[in-house]
Amino acid sequence: MPLFEDTFTGAAADLVGHTPDTGTSWTSVALTTNKLRLDGGGICRINSTGTSQGQLAKADPAPSVNEYDVSATMWNNATTNANQPFRLHARMTDASNYYAVRRYPRDYTVNDTELIKKVSGTVTVLTSADVGSYGFGTVLKLEIRTAAKKVYQSGVEKLSSGDDSITAIGQPGLSIGYIDAADAGNCHTDWQINTFTVDEFIAAGQPIAMRHVFVPYMGTHGARLGGR
Amino acid sequence: MAITYRWYICPVVTQTIPDPNGGADLVRRLPKVGSLIEPGRGKYYQFSAAIDAPNWCVAIVKAEDFSALDADPQCIDLLESAVNADGELAQTPRQLGWNAAKLLRIRNRLADRGVDISGLTLDSDLGTILDRICQKVLPRFRAKHARL
């Protein structure tokens, strides 16, 4: 069962204030005029196209470990040469510190997919490539592990970086358009998100349930295994 | 031409790209190799980099045409050879037929950037050689995790 899942079902409403299927809530981290909003038909998108506008929201609760996956089923058929980003965030402590996969309309002059880190407000591009395919049902996943940060598209690894300069658990999030001057852009209603999911990664041999539930009832050998 | 991969040492630059429709500029801090246009494809070179606070970085670049990088003296082809994305990292210079003079040039590029080159020989695998310089930028970085 995921830590957080939202299929954006329900009446048309702002994303912040909407209750996800699993998890507790969405919280706004940065907002400039235009908002992320449910359209009432199972889609989340920005409420209106705009220049230097947009919203970044985080998914609550925070994960308990700093290795987790952030996924979204999304699409965008726009052939626009414009800076109109969509992002999935991880290890985000605030609007100035996070990892993110950043996607652009397919005809933008920049490669369509970037893995970035933002540290104390400075954005650095770790990897940049043309991944392609924005069709309906495209699943974009940002996998955060200590050893590597990877981007998958519909199950296929596309980008990878060995960077680990942000180690905080932080929180996962979602954004379209402008966050601040360092991670700027314009928002567009072409970006549509059907699902958003967060899964914690538990390393082999360290099942959380084992630590919390079974250890008191196990013998010495089992307790040692379960406690590590 | 086929798509191949090369490892580069280059400066870190800040690039500002105006929005064609009058919207917000895109400001990116990235390896210089990623700020240059690949001929033919017409977009910026695709890369994955070990990049952090230093004003230089290490990047693997995926391209068919490297001529724009070859023309820039600040973009240094670290290994002087195309490599597979990850398959060759376990191979050694000796297995790849490189000579001592080429290894010496590579060692000098590392030493010029303060990298410990002790023990690097024709029998050191490429992953070890690349990790030495990547970890000068980010101590926990491993070359095998930089892929695209």
# chains A, B, ... in the order shown; residues from 1 in each chain; ligands from 1
>>> residues_around(residues="segment 125-140 of chain A", least_positions_apart="6", cutoff="6 Å", atoms="only C-alpha atoms", output="CSV table (one decimal) with all heavy atoms, in the first residue's frame")
chain,number,residue,atom,x,y,z
A,71,SER,N,5.7,9.1,-8.1
A,71,SER,CA,5.2,8.7,-9.5
A,71,SER,C,3.9,9.5,-9.9
A,71,SER,O,3.1,9.9,-9.0
A,71,SER,CB,4.8,7.2,-9.6
A,71,SER,OG,5.9,6.4,-9.1
A,72,ALA,N,3.8,9.8,-11.1
A,72,ALA,CA,2.6,10.4,-11.6
A,72,ALA,C,2.2,9.8,-13.0
A,72,ALA,O,3.1,9.6,-13.8
A,72,ALA,CB,2.7,11.9,-11.7
A,73,THR,N,0.9,9.6,-13.2
A,73,THR,CA,0.4,9.3,-14.5
A,73,THR,C,0.0,10.7,-15.1
A,73,THR,O,-0.8,11.3,-14.6
A,73,THR,CB,-0.8,8.4,-14.5
A,73,THR,OG1,-0.4,7.2,-13.7
A,73,THR,CG2,-1.2,7.9,-15.9
A,74,MET,N,0.6,11.0,-16.3
A,74,MET,CA,0.4,12.4,-16.8
A,74,MET,C,0.5,12.4,-18.3
A,74,MET,O,0.9,11.4,-18.9
A,74,MET,CB,1.5,13.3,-16.2
A,74,MET,CG,2.9,12.8,-16.0
A,74,MET,SD,3.8,12.6,-17.5
A,74,MET,CE,4.2,14.2,-17.9
A,75,TRP,N,0.1,13.5,-18.9
A,75,TRP,CA,0.3,13.6,-20.3
A,75,TRP,C,0.2,15.1,-20.7
A,75,TRP,O,-0.3,16.0,-20.0
A,75,TRP,CB,-0.7,12.8,-21.1
A,75,TRP,CG,-2.2,13.3,-21.1
A,75,TRP,CD1,-3.0,13.4,-20.0
A,75,TRP,CD2,-2.9,13.7,-22.3
A,75,TRP,NE1,-4.2,13.8,-20.4
A,75,TRP,CE2,-4.2,14.0,-21.8
A,75,TRP,CE3,-2.7,13.8,-23.6
A,75,TRP,CZ2,-5.2,14.5,-22.6
A,75,TRP,CZ3,-3.7,14.3,-24.5
A,75,TRP,CH2,-4.9,14.6,-24.0
A,76,ASN,N,0.8,15.4,-21.9
A,76,ASN,CA,0.8,16.7,-22.5
A,76,ASN,C,1.1,16.6,-23.9
A,76,ASN,O,2.2,16.2,-24.3
A,76,ASN,CB,1.9,17.6,-21.8
A,76,ASN,CG,2.0,19.0,-22.4
A,76,ASN,OD1,1.3,19.3,-23.3
A,76,ASN,ND2,2.8,19.8,-21.7
A,111,ASN,N,16.2,20.1,-23.8
A,111,ASN,CA,15.9,18.7,-23.7
A,111,ASN,C,14.6,18.6,-22.9
A,111,ASN,O,14.5,19.2,-21.8
A,111,ASN,CB,17.0,17.9,-23.2
A,111,ASN,CG,18.2,17.8,-24.2
A,111,ASN,OD1,18.0,17.7,-25.4
A,111,ASN,ND2,19.4,18.0,-23.7
A,112,ASP,N,13.8,17.6,-23.2
A,112,ASP,CA,12.4,17.6,-22.5
A,112,ASP,C,12.4,17.1,-21.1
A,112,ASP,O,11.5,17.4,-20.3
A,112,ASP,CB,11.4,16.8,-23.3
A,112,ASP,CG,11.8,15.3,-23.5
A,112,ASP,OD1,12.5,14.8,-22.6
A,112,ASP,OD2,11.4,14.7,-24.5
A,113,THR,N,13.5,16.5,-20.6
A,113,THR,CA,13.5,16.0,-19.2
A,113,THR,C,14.8,16.3,-18.5
A,113,THR,O,15.9,16.1,-19.1
A,113,THR,CB,13.3,14.5,-19.2
A,113,THR,OG1,12.1,14.2,-19.9
A,113,THR,CG2,13.2,14.0,-17.8
A,114,GLU,N,14.8,16.9,-17.4
A,114,GLU,CA,15.9,17.2,-16.6
A,114,GLU,C,15.8,16.7,-15.2
A,114,GLU,O,14.7,16.8,-14.6
A,114,GLU,CB,16.1,18.7,-16.5
A,114,GLU,CG,16.5,19.4,-17.8
A,114,GLU,CD,16.7,20.9,-17.6
A,114,GLU,OE1,16.2,21.5,-16.7
A,114,GLU,OE2,17.4,21.5,-18.5
A,115,LEU,N,16.9,16.2,-14.6
A,115,LEU,CA,16.9,15.8,-13.2
A,115,LEU,C,17.7,16.9,-12.5
A,115,LEU,O,18.9,17.2,-12.9
A,115,LEU,CB,17.6,14.5,-13.0
A,115,LEU,CG,17.8,14.0,-11.6
A,115,LEU,CD1,16.4,13.9,-10.8
A,115,LEU,CD2,18.5,12.6,-11.6
A,116,ILE,N,17.1,17.6,-11.6
A,116,ILE,CA,17.7,18.8,-11.0
A,116,ILE,C,17.8,18.7,-9.5
A,116,ILE,O,17.1,17.9,-8.9
A,116,ILE,CB,17.0,20.1,-11.3
A,116,ILE,CG1,15.6,20.1,-10.7
A,116,ILE,CG2,16.9,20.3,-12.8
A,116,ILE,CD1,14.8,21.4,-10.8
A,152,TYR,N,12.3,7.2,-14.3
A,152,TYR,CA,11.8,6.1,-15.2
A,152,TYR,C,10.6,6.7,-15.9
A,152,TYR,O,9.8,7.5,-15.4
A,152,TYR,CB,11.2,5.0,-14.3
A,152,TYR,CG,12.3,4.2,-13.6
A,152,TYR,CD1,12.9,4.6,-12.4
A,152,TYR,CD2,12.8,3.0,-14.2
A,152,TYR,CE1,13.9,3.9,-11.8
A,152,TYR,CE2,13.7,2.2,-13.5
A,152,TYR,CZ,14.3,2.7,-12.4
A,152,TYR,OH,15.3,1.9,-11.7
A,153,GLN,N,10.4,6.3,-17.2
A,153,GLN,CA,9.2,6.6,-17.9
A,153,GLN,C,8.5,5.3,-18.3
A,153,GLN,O,9.1,4.5,-19.0
A,153,GLN,CB,9.5,7.4,-19.1
A,153,GLN,CG,8.3,7.8,-19.9
A,153,GLN,CD,8.5,9.0,-20.8
A,153,GLN,OE1,8.6,10.1,-20.3
A,153,GLN,NE2,8.5,8.7,-22.1
A,154,SER,N,7.3,5.1,-17.8
A,154,SER,CA,6.5,3.9,-18.1
A,154,SER,C,7.4,2.6,-17.9
A,154,SER,O,7.4,1.7,-18.7
A,154,SER,CB,6.0,3.9,-19.5
A,154,SER,OG,5.1,5.0,-19.6
B,30,LEU,N,24.8,24.4,-15.0
B,30,LEU,CA,25.0,23.1,-15.5
B,30,LEU,C,26.4,23.0,-16.1
B,30,LEU,O,27.1,24.0,-16.2
B,30,LEU,CB,23.9,22.8,-16.6
B,30,LEU,CG,24.1,23.5,-18.0
B,30,LEU,CD1,23.0,22.9,-18.9
B,30,LEU,CD2,24.0,25.0,-18.0
B,46,GLN,N,23.0,16.1,-24.5
B,46,GLN,CA,22.4,15.3,-23.4
B,46,GLN,C,23.6,14.8,-22.5
B,46,GLN,O,24.6,14.3,-23.0
B,46,GLN,CB,21.6,14.1,-23.9
B,46,GLN,CG,20.5,14.6,-24.9
B,46,GLN,CD,19.8,13.4,-25.5
B,46,GLN,OE1,18.8,12.9,-25.0
B,46,GLN,NE2,20.4,12.8,-26.6
B,47,PHE,N,23.4,14.9,-21.2
B,47,PHE,CA,24.5,14.6,-20.3
B,47,PHE,C,24.0,14.1,-18.9
B,47,PHE,O,22.8,14.3,-18.6
B,47,PHE,CB,25.3,15.8,-20.0
B,47,PHE,CG,24.6,16.9,-19.2
B,47,PHE,CD1,24.7,16.9,-17.8
B,47,PHE,CD2,23.9,17.9,-19.9
B,47,PHE,CE1,24.0,17.9,-17.1
B,47,PHE,CE2,23.2,18.9,-19.1
B,47,PHE,CZ,23.3,18.8,-17.7
B,48,SER,N,24.9,13.5,-18.1
B,48,SER,CA,24.6,13.2,-16.7
B,48,SER,C,26.0,13.6,-16.0
B,48,SER,O,27.0,13.1,-16.5
B,48,SER,CB,24.3,11.8,-16.5
B,48,SER,OG,24.0,11.6,-15.1
B,49,ALA,N,25.9,14.4,-14.9
B,49,ALA,CA,27.1,15.0,-14.4
B,49,ALA,C,27.3,14.8,-12.9
B,49,ALA,O,26.4,14.7,-12.2
B,49,ALA,CB,27.1,16.5,-14.7
>>> closest_atom_pairs(of="chain A", to="chain B", cutoff="8 Å", atoms="only C-alpha atoms", output="Markdown table")
| residue | atom | partner | partner_atom | distance |
| --- | --- | --- | --- | --- |
| A:Thr51 | CA | B:Gly23 | CA | 5.4 |
| A:Ser52 | CA | B:Ala24 | CA | 5.7 |
| A:Asn81 | CA | B:Pro20 | CA | 6.8 |
| A:Ala82 | CA | B:Asp19 | CA | 5.7 |
| A:Asn83 | CA | B:Asp19 | CA | 5.9 |
| A:Thr109 | CA | B:Lys43 | CA | 6.2 |
| A:Val110 | CA | B:Tyr44 | CA | 6.4 |
| A:Asn111 | CA | B:Tyr44 | CA | 6.6 |
| A:Thr122 | CA | B:Arg29 | CA | 7.9 |
| A:Val123 | CA | B:Arg29 | CA | 6.2 |
| A:Thr124 | CA | B:Arg29 | CA | 4.7 |
| A:Val125 | CA | B:Leu30 | CA | 5.2 |
| A:Leu126 | CA | B:Ala49 | CA | 5.4 |
| A:Thr127 | CA | B:Ser48 | CA | 4.0 |
| A:Ser128 | CA | B:Gln46 | CA | 5.3 |
| A:Ala129 | CA | B:Gln46 | CA | 4.7 |
| A:Asp130 | CA | B:Gln46 | CA | 7.4 |
| A:Ala147 | CA | B:His145 | CA | 7.5 |
| A:Ala148 | CA | B:His145 | CA | 6.0 |
| A:Lys158 | CA | B:Leu148 | CA | 5.7 |
| A:Leu159 | CA | B:Leu148 | CA | 4.6 |
| A:Ser160 | CA | B:Arg147 | CA | 5.0 |
| A:Ser161 | CA | B:Ala146 | CA | 4.5 |
| A:Gly162 | CA | B:Phe141 | CA | 4.9 |
| A:Asp163 | CA | B:Phe141 | CA | 5.8 |
| A:Asp164 | CA | B:Arg140 | CA | 7.0 |
| A:Ser165 | CA | B:Leu138 | CA | 7.7 |
| A:Ala182 | CA | B:Val27 | CA | 6.6 |
| A:Asp183 | CA | B:Val27 | CA | 7.4 |
| A:Ala184 | CA | B:Ala24 | CA | 6.2 |
| A:Gly185 | CA | B:Ala24 | CA | 5.2 |
| A:Asn186 | CA | B:Gly23 | CA | 6.4 |
>>> write_last_selection(atoms="N, CA and C atoms", output="CSV table (one decimal), in the first residue's frame")
chain,number,residue,atom,x,y,z
A,51,THR,N,1.7,33.5,-17.4
A,51,THR,CA,3.1,33.8,-17.5
A,51,THR,C,3.7,34.0,-16.1
A,52,SER,N,4.8,33.4,-15.8
A,52,SER,CA,5.4,33.4,-14.4
A,52,SER,C,4.4,33.2,-13.3
A,81,ASN,N,7.0,25.7,-28.0
A,81,ASN,CA,8.4,26.1,-27.7
A,81,ASN,C,8.4,27.2,-26.6
A,82,ALA,N,8.2,26.7,-25.4
A,82,ALA,CA,8.0,27.6,-24.3
A,82,ALA,C,8.5,27.0,-23.0
A,83,ASN,N,8.9,27.8,-22.0
A,83,ASN,CA,9.3,27.3,-20.7
A,83,ASN,C,8.1,27.1,-19.8
A,109,THR,N,13.1,24.3,-26.6
A,109,THR,CA,14.5,24.3,-27.1
A,109,THR,C,15.4,23.4,-26.2
A,110,VAL,N,15.0,23.3,-24.9
A,110,VAL,CA,15.8,22.5,-24.0
A,110,VAL,C,15.3,21.0,-24.1
A,111,ASN,N,16.2,20.1,-23.8
A,111,ASN,CA,15.9,18.7,-23.7
A,111,ASN,C,14.6,18.6,-22.9
A,122,THR,N,19.6,27.6,-5.3
A,122,THR,CA,20.3,27.5,-6.6
A,122,THR,C,20.0,26.2,-7.3
A,123,VAL,N,19.5,26.3,-8.5
A,123,VAL,CA,19.2,25.1,-9.3
A,123,VAL,C,20.4,24.6,-10.1
A,124,THR,N,20.7,23.3,-10.0
A,124,THR,CA,21.8,22.7,-10.8
A,124,THR,C,21.2,21.5,-11.5
A,125,VAL,N,21.5,21.5,-12.8
A,125,VAL,CA,21.0,20.4,-13.6
A,125,VAL,C,22.0,19.2,-13.5
A,126,LEU,N,21.5,18.1,-13.0
A,126,LEU,CA,22.3,16.9,-12.9
A,126,LEU,C,22.4,16.1,-14.1
A,127,THR,N,21.2,15.9,-14.8
A,127,THR,CA,21.2,15.2,-16.1
A,127,THR,C,20.1,15.9,-16.9
A,128,SER,N,20.3,15.8,-18.2
A,128,SER,CA,19.4,16.4,-19.2
A,128,SER,C,19.3,15.6,-20.4
A,129,ALA,N,18.1,15.2,-20.9
A,129,ALA,CA,18.0,14.3,-22.1
A,129,ALA,C,16.7,14.5,-22.7
A,130,ASP,N,16.6,14.1,-24.0
A,130,ASP,CA,15.3,14.1,-24.6
A,130,ASP,C,14.7,12.7,-24.4
A,147,ALA,N,22.2,5.8,-3.2
A,147,ALA,CA,23.2,5.6,-4.3
A,147,ALA,C,22.9,6.3,-5.6
A,148,ALA,N,21.7,6.4,-5.9
A,148,ALA,CA,21.3,7.0,-7.2
A,148,ALA,C,20.0,7.7,-7.2
A,158,LYS,N,15.4,6.1,-17.6
A,158,LYS,CA,15.8,7.0,-18.7
A,158,LYS,C,17.0,7.9,-18.2
A,159,LEU,N,17.1,8.3,-17.0
A,159,LEU,CA,18.1,9.2,-16.4
A,159,LEU,C,18.6,8.6,-15.1
A,160,SER,N,19.9,8.8,-14.8
A,160,SER,CA,20.4,8.4,-13.5
A,160,SER,C,21.5,9.3,-13.1
A,161,SER,N,21.6,9.6,-11.8
A,161,SER,CA,22.7,10.4,-11.2
A,161,SER,C,23.1,9.9,-9.9
A,162,GLY,N,24.4,9.9,-9.7
A,162,GLY,CA,25.0,9.4,-8.4
A,162,GLY,C,25.0,10.5,-7.3
A,163,ASP,N,24.4,11.7,-7.6
A,163,ASP,CA,24.4,12.8,-6.6
A,163,ASP,C,23.6,12.4,-5.4
A,164,ASP,N,24.2,12.8,-4.2
A,164,ASP,CA,23.5,12.6,-2.9
A,164,ASP,C,23.7,13.8,-2.0
A,165,SER,N,23.7,15.0,-2.6
A,165,SER,CA,24.1,16.1,-1.8
A,165,SER,C,22.9,16.6,-0.9
A,182,ALA,N,14.6,31.3,-9.3
A,182,ALA,CA,15.6,30.4,-9.6
A,182,ALA,C,15.0,29.2,-10.3
A,183,ASP,N,13.8,28.8,-10.1
A,183,ASP,CA,13.1,27.7,-10.8
A,183,ASP,C,11.8,28.3,-11.4
A,184,ALA,N,12.1,29.1,-12.4
A,184,ALA,CA,11.0,29.9,-13.0
A,184,ALA,C,10.3,29.1,-14.1
A,185,GLY,N,9.3,29.7,-14.7
A,185,GLY,CA,8.6,29.1,-15.8
A,185,GLY,C,7.2,29.7,-15.9
A,186,ASN,N,6.5,29.2,-16.9
A,186,ASN,CA,5.1,29.6,-17.1
A,186,ASN,C,4.2,28.4,-16.9
>>> closest_residue(among="A:Glu200, A:Asp39, A:Glu157, A:Asp94", to="Lys141 of chain A", atoms="only C-alpha atoms")
A:Glu157
>>> select_by_dssp(residues="segment 86-159 of chain A", states="strand (DSSP E)", output="MDAnalysis selection string")
chainID A and resid 86:94 97:103 113:119 122:129 138:144 149:153 156:159
>>> atom_distance(atom1="atom CA of Asp6 of chain A", atom2="atom CA of Gly173 of chain A")
12.0 Å
>>> residues_around(residues="Trp191 of chain A", least_positions_apart="4", cutoff="10 Å", atoms="only C-alpha atoms", output="list of chain:residue names")
A:Ile43, A:Cys44, A:Arg45, A:Ile46, A:Met74, A:Trp75, A:Asn76, A:Asn77, A:Ala78, A:Gln84, A:Pro85, A:Phe86, A:Arg103, A:Tyr104, A:Pro105, A:Tyr134, A:Ile176, A:Gly177, A:Cys187
>>> write_last_selection(atoms="C-alpha atoms", output="compact mmCIF listing (two decimals), in the first residue's frame")
# COMPACT_ATOMS: atom_id res chain seq x y z
CA ILE A 43 -7.68 15.24 -13.59
CA CYS A 44 -5.43 17.67 -11.75
CA ARG A 45 -4.04 20.61 -13.70
CA ILE A 46 -3.28 24.28 -13.28
CA MET A 74 0.41 12.39 -16.75
CA TRP A 75 0.27 13.64 -20.32
CA ASN A 76 0.82 16.73 -22.46
CA ASN A 77 0.29 16.80 -26.21
CA ALA A 78 1.32 20.42 -26.61
CA GLN A 84 6.28 25.58 -19.24
CA PRO A 85 7.59 23.03 -16.74
CA PHE A 86 5.93 20.20 -14.87
CA ARG A 103 9.65 18.12 -17.87
CA TYR A 104 9.01 20.60 -20.65
CA PRO A 105 6.71 20.67 -23.69
CA TYR A 134 3.93 12.55 -23.55
CA ILE A 176 3.48 23.25 -12.58
CA GLY A 177 4.97 26.52 -13.79
CA CYS A 187 2.08 27.44 -16.33
>>> closest_residue(among="A:Lys149, A:Tyr178, A:Thr197, A:His188", to="Thr80 of chain A", atoms="only C-alpha atoms")
A:His188
>>> select_by_dssp(residues="segment 27-140 of chain B", states="helix (DSSP H, G or I)", output="NGL selection string")
:B and (32-35 or 67-70 or 100-111 or 126-137)
>>> closest_residue(among="A:Met1, A:Val29, A:Ala203, A:Val101", to="Asp180 of chain A", atoms="only C-alpha atoms")
A:Val29
>>> atom_distance(atom1="atom CA of Glu67 of chain A", atom2="atom CA of Arg145 of chain A")
4.8 Å
>>> closest_residue(among="B:Leu69, B:Leu126, B:Ala100, B:Val58", to="Val83 of chain B", atoms="only C-alpha atoms")
B:Leu126
>>> residues_around(residues="Asp72 of chain B", least_positions_apart="5", cutoff="12 Å", atoms="only C-alpha atoms", output="list in words")
Tyr8, Ile9, Cys10, Pro11, Lys32, Val33, Ser35, Leu36, Ile37, Phe66, Ser67 and Asp77 of chain B
>>> residues_around(residues="Arg87 of chain A", least_positions_apart="3", cutoff="6 Å", atoms="only C-alpha atoms", output="list of chain:residue names")
A:Val101, A:Arg102, A:Leu174, A:Ser175
